[in-house]
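Source file: final_1.cif (mmCIF, N, CA and C atoms)
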data_work
loop_
_atom_site.group_PDB
_atom_site.id
_atom_site.type_symbol
_atom_site.label_atom_id
_atom_site.label_comp_id
_atom_site.auth_asym_id
_atom_site.auth_seq_id
_atom_site.Cartn_x
_atom_site.Cartn_y
_atom_site.Cartn_z
ATOM 1 N N MET K 1 -9.299 -25.295 4.710
ATOM 2 C CA MET K 1 -7.955 -24.716 4.753
ATOM 3 C C MET K 1 -6.941 -25.843 4.648
ATOM 4 N N GLN K 2 -5.939 -25.631 3.813
ATOM 5 C CA GLN K 2 -4.920 -26.658 3.634
ATOM 6 C C GLN K 2 -3.944 -26.652 4.798
ATOM 7 N N ASP K 3 -3.333 -27.804 5.037
ATOM 8 C CA ASP K 3 -2.304 -27.884 6.060
ATOM 9 C C ASP K 3 -1.011 -27.318 5.492
ATOM 10 N N LEU K 4 -0.445 -26.356 6.166
ATOM 11 C CA LEU K 4 0.803 -25.749 5.722
ATOM 12 C C LEU K 4 1.978 -26.389 6.425
ATOM 13 N N THR K 5 3.021 -26.608 5.689
ATOM 14 C CA THR K 5 4.244 -27.133 6.281
ATOM 15 C C THR K 5 5.114 -25.968 6.741
ATOM 16 N N GLU K 6 6.113 -26.282 7.530
ATOM 17 C CA GLU K 6 7.052 -25.258 7.954
ATOM 18 C C GLU K 6 7.738 -24.643 6.727
ATOM 19 N N ARG K 7 8.018 -25.457 5.733
ATOM 20 C CA ARG K 7 8.637 -24.969 4.495
ATOM 21 C C ARG K 7 7.701 -24.000 3.756
ATOM 22 N N ASP K 8 6.400 -24.307 3.716
ATOM 23 C CA ASP K 8 5.431 -23.409 3.084
ATOM 24 C C ASP K 8 5.469 -22.026 3.736
ATOM 25 N N VAL K 9 5.505 -22.027 5.043
ATOM 26 C CA VAL K 9 5.528 -20.762 5.790
ATOM 27 C C VAL K 9 6.840 -20.023 5.541
ATOM 28 N N ALA K 10 7.956 -20.746 5.513
ATOM 29 C CA ALA K 10 9.259 -20.122 5.263
ATOM 30 C C ALA K 10 9.302 -19.485 3.873
ATOM 31 N N VAL K 11 8.772 -20.177 2.882
ATOM 32 C CA VAL K 11 8.740 -19.638 1.516
ATOM 33 C C VAL K 11 7.874 -18.380 1.462
ATOM 34 N N ALA K 12 6.728 -18.408 2.114
ATOM 35 C CA ALA K 12 5.842 -17.238 2.138
ATOM 36 C C ALA K 12 6.538 -16.060 2.824
ATOM 37 N N ALA K 13 7.222 -16.328 3.913
ATOM 38 C CA ALA K 13 7.934 -15.262 4.632
ATOM 39 C C ALA K 13 9.061 -14.697 3.773
ATOM 40 N N GLU K 14 9.786 -15.552 3.073
ATOM 41 C CA GLU K 14 10.855 -15.092 2.185
ATOM 42 C C GLU K 14 10.295 -14.192 1.083
ATOM 43 N N ARG K 15 9.157 -14.573 0.548
ATOM 44 C CA ARG K 15 8.514 -13.788 -0.511
ATOM 45 C C ARG K 15 8.104 -12.415 0.030
ATOM 46 N N LEU K 16 7.531 -12.385 1.222
ATOM 47 C CA LEU K 16 7.109 -11.125 1.834
ATOM 48 C C LEU K 16 8.306 -10.222 2.109
ATOM 49 N N VAL K 17 9.360 -10.765 2.686
ATOM 50 C CA VAL K 17 10.547 -9.960 3.009
ATOM 51 C C VAL K 17 11.198 -9.430 1.737
ATOM 52 N N ALA K 18 11.296 -10.257 0.710
ATOM 53 C CA ALA K 18 11.896 -9.815 -0.554
ATOM 54 C C ALA K 18 11.074 -8.698 -1.194
ATOM 55 N N ALA K 19 9.763 -8.821 -1.168
ATOM 56 C CA ALA K 19 8.898 -7.790 -1.742
ATOM 57 C C ALA K 19 9.025 -6.490 -0.959
ATOM 58 N N PHE K 20 9.055 -6.580 0.366
ATOM 59 C CA PHE K 20 9.226 -5.381 1.189
ATOM 60 C C PHE K 20 10.574 -4.734 0.907
ATOM 61 N N ALA K 21 11.640 -5.534 0.872
ATOM 62 C CA ALA K 21 12.989 -5.016 0.639
ATOM 63 C C ALA K 21 13.103 -4.288 -0.694
ATOM 64 N N ALA K 22 12.338 -4.715 -1.677
ATOM 65 C CA ALA K 22 12.362 -4.105 -3.008
ATOM 66 C C ALA K 22 11.367 -2.947 -3.127
ATOM 67 N N THR K 23 10.675 -2.624 -2.047
ATOM 68 C CA THR K 23 9.573 -1.662 -2.090
ATOM 69 C C THR K 23 8.617 -2.045 -3.221
ATOM 70 N N GLY K 24 8.383 -3.347 -3.336
ATOM 71 C CA GLY K 24 7.539 -3.876 -4.401
ATOM 72 C C GLY K 24 6.079 -3.906 -3.983
ATOM 73 N N THR K 25 5.400 -2.838 -4.225
ATOM 74 C CA THR K 25 4.035 -2.666 -3.731
ATOM 75 C C THR K 25 3.121 -3.834 -4.083
ATOM 76 N N GLN K 26 3.025 -4.176 -5.348
ATOM 77 C CA GLN K 26 2.091 -5.217 -5.765
ATOM 78 C C GLN K 26 2.450 -6.567 -5.141
ATOM 79 N N ALA K 27 3.707 -6.953 -5.206
ATOM 80 C CA ALA K 27 4.131 -8.242 -4.647
ATOM 81 C C ALA K 27 3.977 -8.259 -3.125
ATOM 82 N N TYR K 28 4.299 -7.156 -2.479
ATOM 83 C CA TYR K 28 4.204 -7.075 -1.022
ATOM 84 C C TYR K 28 2.761 -7.243 -0.551
ATOM 85 N N PHE K 29 1.849 -6.493 -1.151
ATOM 86 C CA PHE K 29 0.469 -6.561 -0.698
ATOM 87 C C PHE K 29 -0.230 -7.848 -1.118
ATOM 88 N N ALA K 30 0.303 -8.535 -2.115
ATOM 89 C CA ALA K 30 -0.230 -9.847 -2.490
ATOM 90 C C ALA K 30 0.043 -10.888 -1.403
ATOM 91 N N CYS K 31 0.933 -10.583 -0.489
ATOM 92 C CA CYS K 31 1.268 -11.503 0.610
ATOM 93 C C CYS K 31 0.234 -11.482 1.740
ATOM 94 N N PHE K 32 -0.691 -10.541 1.709
ATOM 95 C CA PHE K 32 -1.687 -10.389 2.770
ATOM 96 C C PHE K 32 -3.090 -10.651 2.249
ATOM 97 N N VAL K 33 -3.925 -11.263 3.068
ATOM 98 C CA VAL K 33 -5.336 -11.406 2.704
ATOM 99 C C VAL K 33 -6.006 -10.042 2.841
ATOM 100 N N ALA K 34 -7.086 -9.857 2.115
ATOM 101 C CA ALA K 34 -7.776 -8.562 2.109
ATOM 102 C C ALA K 34 -8.248 -8.146 3.499
ATOM 103 N N SER K 35 -8.572 -9.097 4.342
ATOM 104 C CA SER K 35 -9.110 -8.784 5.667
ATOM 105 C C SER K 35 -8.038 -8.634 6.752
ATOM 106 N N ALA K 36 -6.766 -8.658 6.365
ATOM 107 C CA ALA K 36 -5.687 -8.497 7.353
ATOM 108 C C ALA K 36 -5.802 -7.139 8.034
ATOM 109 N N THR K 37 -5.378 -7.076 9.280
ATOM 110 C CA THR K 37 -5.325 -5.808 9.998
ATOM 111 C C THR K 37 -3.871 -5.510 10.343
ATOM 112 N N PHE K 38 -3.557 -4.228 10.538
ATOM 113 C CA PHE K 38 -2.178 -3.806 10.751
ATOM 114 C C PHE K 38 -2.132 -2.756 11.849
ATOM 115 N N VAL K 39 -1.086 -2.823 12.668
ATOM 116 C CA VAL K 39 -0.879 -1.844 13.732
ATOM 117 C C VAL K 39 0.554 -1.338 13.617
ATOM 118 N N PHE K 40 0.696 -0.026 13.550
ATOM 119 C CA PHE K 40 2.002 0.618 13.506
ATOM 120 C C PHE K 40 2.064 1.636 14.635
ATOM 121 N N HIS K 41 3.159 1.652 15.358
ATOM 122 C CA HIS K 41 3.251 2.566 16.504
ATOM 123 C C HIS K 41 3.188 4.031 16.069
ATOM 124 N N THR K 42 3.460 4.309 14.812
ATOM 125 C CA THR K 42 3.438 5.687 14.326
ATOM 126 C C THR K 42 2.056 6.146 13.858
ATOM 127 N N GLU K 43 1.114 5.221 13.809
ATOM 128 C CA GLU K 43 -0.234 5.550 13.336
ATOM 129 C C GLU K 43 -1.205 5.612 14.514
ATOM 130 N N PRO K 44 -2.159 6.542 14.480
ATOM 131 C CA PRO K 44 -3.060 6.732 15.611
ATOM 132 C C PRO K 44 -4.094 5.625 15.783
ATOM 133 N N GLN K 45 -4.323 4.826 14.748
ATOM 134 C CA GLN K 45 -5.329 3.775 14.872
ATOM 135 C C GLN K 45 -4.944 2.557 14.044
ATOM 136 N N ARG K 46 -5.584 1.445 14.357
ATOM 137 C CA ARG K 46 -5.380 0.207 13.621
ATOM 138 C C ARG K 46 -5.898 0.379 12.197
ATOM 139 N N LEU K 47 -5.206 -0.218 11.247
ATOM 140 C CA LEU K 47 -5.664 -0.255 9.857
ATOM 141 C C LEU K 47 -6.433 -1.553 9.686
ATOM 142 N N ASP K 48 -7.689 -1.458 9.319
ATOM 143 C CA ASP K 48 -8.585 -2.611 9.360
ATOM 144 C C ASP K 48 -8.663 -3.423 8.068
ATOM 145 N N SER K 49 -7.778 -3.151 7.126
ATOM 146 C CA SER K 49 -7.780 -3.941 5.897
ATOM 147 C C SER K 49 -6.458 -3.772 5.158
ATOM 148 N N ARG K 50 -6.213 -4.689 4.254
ATOM 149 C CA ARG K 50 -5.038 -4.584 3.391
ATOM 150 C C ARG K 50 -5.118 -3.295 2.573
ATOM 151 N N GLU K 51 -6.311 -2.955 2.104
ATOM 152 C CA GLU K 51 -6.482 -1.748 1.296
ATOM 153 C C GLU K 51 -6.154 -0.487 2.090
ATOM 154 N N ALA K 52 -6.541 -0.446 3.346
ATOM 155 C CA ALA K 52 -6.220 0.720 4.183
ATOM 156 C C ALA K 52 -4.707 0.869 4.318
ATOM 157 N N TYR K 53 -4.003 -0.242 4.502
ATOM 158 C CA TYR K 53 -2.539 -0.197 4.597
ATOM 159 C C TYR K 53 -1.944 0.200 3.248
ATOM 160 N N ARG K 54 -2.472 -0.346 2.153
ATOM 161 C CA ARG K 54 -1.948 -0.027 0.833
ATOM 162 C C ARG K 54 -2.071 1.477 0.549
ATOM 163 N N LEU K 55 -3.171 2.075 0.959
ATOM 164 C CA LEU K 55 -3.350 3.516 0.775
ATOM 165 C C LEU K 55 -2.330 4.313 1.602
ATOM 166 N N LEU K 56 -2.087 3.867 2.825
ATOM 167 C CA LEU K 56 -1.077 4.518 3.660
ATOM 168 C C LEU K 56 0.300 4.366 3.026
ATOM 169 N N TRP K 57 0.619 3.140 2.596
ATOM 170 C CA TRP K 57 1.894 2.844 1.922
ATOM 171 C C TRP K 57 2.068 3.778 0.715
ATOM 172 N N GLN K 58 1.011 3.921 -0.088
ATOM 173 C CA GLN K 58 1.064 4.782 -1.264
ATOM 174 C C GLN K 58 1.367 6.227 -0.872
ATOM 175 N N SER K 59 0.785 6.686 0.225
ATOM 176 C CA SER K 59 1.064 8.054 0.671
ATOM 177 C C SER K 59 2.523 8.195 1.089
ATOM 178 N N TRP K 60 3.080 7.146 1.695
ATOM 179 C CA TRP K 60 4.502 7.178 2.054
ATOM 180 C C TRP K 60 5.361 7.281 0.796
ATOM 181 N N LEU K 61 5.039 6.475 -0.219
ATOM 182 C CA LEU K 61 5.789 6.514 -1.476
ATOM 183 C C LEU K 61 5.715 7.895 -2.116
ATOM 184 N N GLU K 62 4.533 8.483 -2.104
ATOM 185 C CA GLU K 62 4.357 9.819 -2.682
ATOM 186 C C GLU K 62 5.174 10.874 -1.950
ATOM 187 N N ASP K 63 5.454 10.617 -0.669
ATOM 188 C CA ASP K 63 6.288 11.525 0.128
ATOM 189 C C ASP K 63 7.781 11.240 -0.042
ATOM 190 N N GLY K 64 8.121 10.248 -0.896
ATOM 191 C CA GLY K 64 9.523 9.932 -1.157
ATOM 192 C C GLY K 64 10.086 8.771 -0.365
ATOM 193 N N TRP K 65 9.257 8.115 0.413
ATOM 194 C CA TRP K 65 9.702 6.981 1.234
ATOM 195 C C TRP K 65 10.049 5.794 0.359
ATOM 196 N N ARG K 66 11.104 5.094 0.707
ATOM 197 C CA ARG K 66 11.498 3.842 0.076
ATOM 198 C C ARG K 66 12.184 2.981 1.122
ATOM 199 N N VAL K 67 12.129 1.686 0.954
ATOM 200 C CA VAL K 67 12.877 0.778 1.822
ATOM 201 C C VAL K 67 14.330 0.830 1.366
ATOM 202 N N LEU K 68 15.223 1.152 2.267
ATOM 203 C CA LEU K 68 16.636 1.239 1.945
ATOM 204 C C LEU K 68 17.372 -0.048 2.265
ATOM 205 N N ASP K 69 16.897 -0.745 3.284
ATOM 206 C CA ASP K 69 17.552 -1.984 3.699
ATOM 207 C C ASP K 69 16.551 -2.804 4.491
ATOM 208 N N CYS K 70 16.633 -4.084 4.344
ATOM 209 C CA CYS K 70 15.718 -4.974 5.058
ATOM 210 C C CYS K 70 16.419 -6.307 5.257
ATOM 211 N N ALA K 71 16.384 -6.800 6.472
ATOM 212 C CA ALA K 71 16.973 -8.104 6.771
ATOM 213 C C ALA K 71 16.036 -8.834 7.708
ATOM 214 N N SER K 72 15.921 -10.116 7.510
ATOM 215 C CA SER K 72 15.138 -10.953 8.400
ATOM 216 C C SER K 72 16.117 -11.928 9.053
ATOM 217 N N SER K 73 16.069 -11.990 10.363
ATOM 218 C CA SER K 73 17.026 -12.842 11.073
ATOM 219 C C SER K 73 16.299 -13.700 12.106
ATOM 220 N N ASN K 74 16.974 -14.707 12.565
ATOM 221 C CA ASN K 74 16.442 -15.596 13.597
ATOM 222 C C ASN K 74 15.077 -16.127 13.199
ATOM 223 N N ARG K 75 14.981 -16.547 11.960
ATOM 224 C CA ARG K 75 13.701 -17.047 11.434
ATOM 225 C C ARG K 75 13.295 -18.349 12.108
ATOM 226 N N ARG K 76 12.034 -18.436 12.401
ATOM 227 C CA ARG K 76 11.488 -19.677 12.961
ATOM 228 C C ARG K 76 9.989 -19.625 12.809
#
File written out as structure tokens:
Amino acid sequence: MQDLTERDVAVAAERLVAAFAATGTQAYFACFVASATFVFHTEPQRLDSREAYRLLWQSWLEDGWRVLDCASSNRR
């Protein structure tokens, strides 16, 4: 594993926030490793992979969901 700088992490976070803000499915999910897990208070169980989250995200889009606004603050 390569050593990441604080700048590397900031750039990755900026990319993730921008993709989310644009409801950019492909770019957003490219920010996560396949084995990432996700927990949402609105979901009854943990999502055990990026693919499981992507499928949930797709169902939200099919229901008309879109990101209307997104801001990241107090970054560190």
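Residues having any atom no farther than 8 Å from (-5.7, -6.7, 12.2) (counting only C-alpha atoms) are Ser35, Ala36, Thr37, Phe38, Val39, Arg46, Leu47, Asp48 and Ser49 of chain K.
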Exercise. Please, which residues of chain K, numbered as in this document, come out helix (DSSP H, G or I) from DSSP, as a ChimeraX atom specification?
Worked result: /K:6-21,25-29,50-62
For this session: For atom CA of Thr42 of chain K and atom CA of Ala12 of chain K, determine how far apart the two atoms are, in Å to one decimal place.
Result: 26.1 Å
For this session: Could you check which of K:Tyr53, K:Ala34, K:Ala18, K:His41 is closest to Cys70 of chain K, using all atoms listed in the file?
Result: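 Counting all atoms listed in the file, the residue closest to Cys70 of chain K is K:Ala18.
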Exercise. Expressed in Å to a single decimal, how great is the separation between atom C of Gly64 of chain K and atom C of Val11 of chain K?
Worked result: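 So the two atoms, atom C of Gly64 of chain K and atom C of Val11 of chain K, lie 27.3 Å apart.
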For this session: Between K:Arg7, K:Arg15, K:Thr23, K:Glu43, single out the one closest to Trp65 of chain K, counting only C-alpha atoms.
Result: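 Among the listed residues, the smallest separation from Trp65 of chain K belongs to K:Thr23.
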Problem set entry | Selected residue, from K:Asp3, K:Trp60, K:Asp8, K:Asp69, that lies nearest to Ala21 of chain K when counting only C-alpha atoms | K:Asp69
For this session: Could you please determine the separation between atom CA of Ala71 of chain K and atom CA of Val33 of chain K in Å, to one decimal place?
Result: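 Rounded to one decimal, the two atoms are 22.9 Å apart.
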Centre and size of axis-aligned box enclosing segment 40-56 of chain K plus 4 Å each side, as JSON:
{"center_x": -2.6, "center_y": 1.0, "center_z": 8.5, "size_x": 20.1, "size_y": 19.4, "size_z": 24.0}
Problem set entry | Pick from K:Phe40, K:Gln45, K:Glu6, K:Trp57 nearest to Thr25 of chain K, counting only C-alpha atoms |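 Looking only at the distances to Thr25 of chain K, the closest residue turns out to be K:Trp57.
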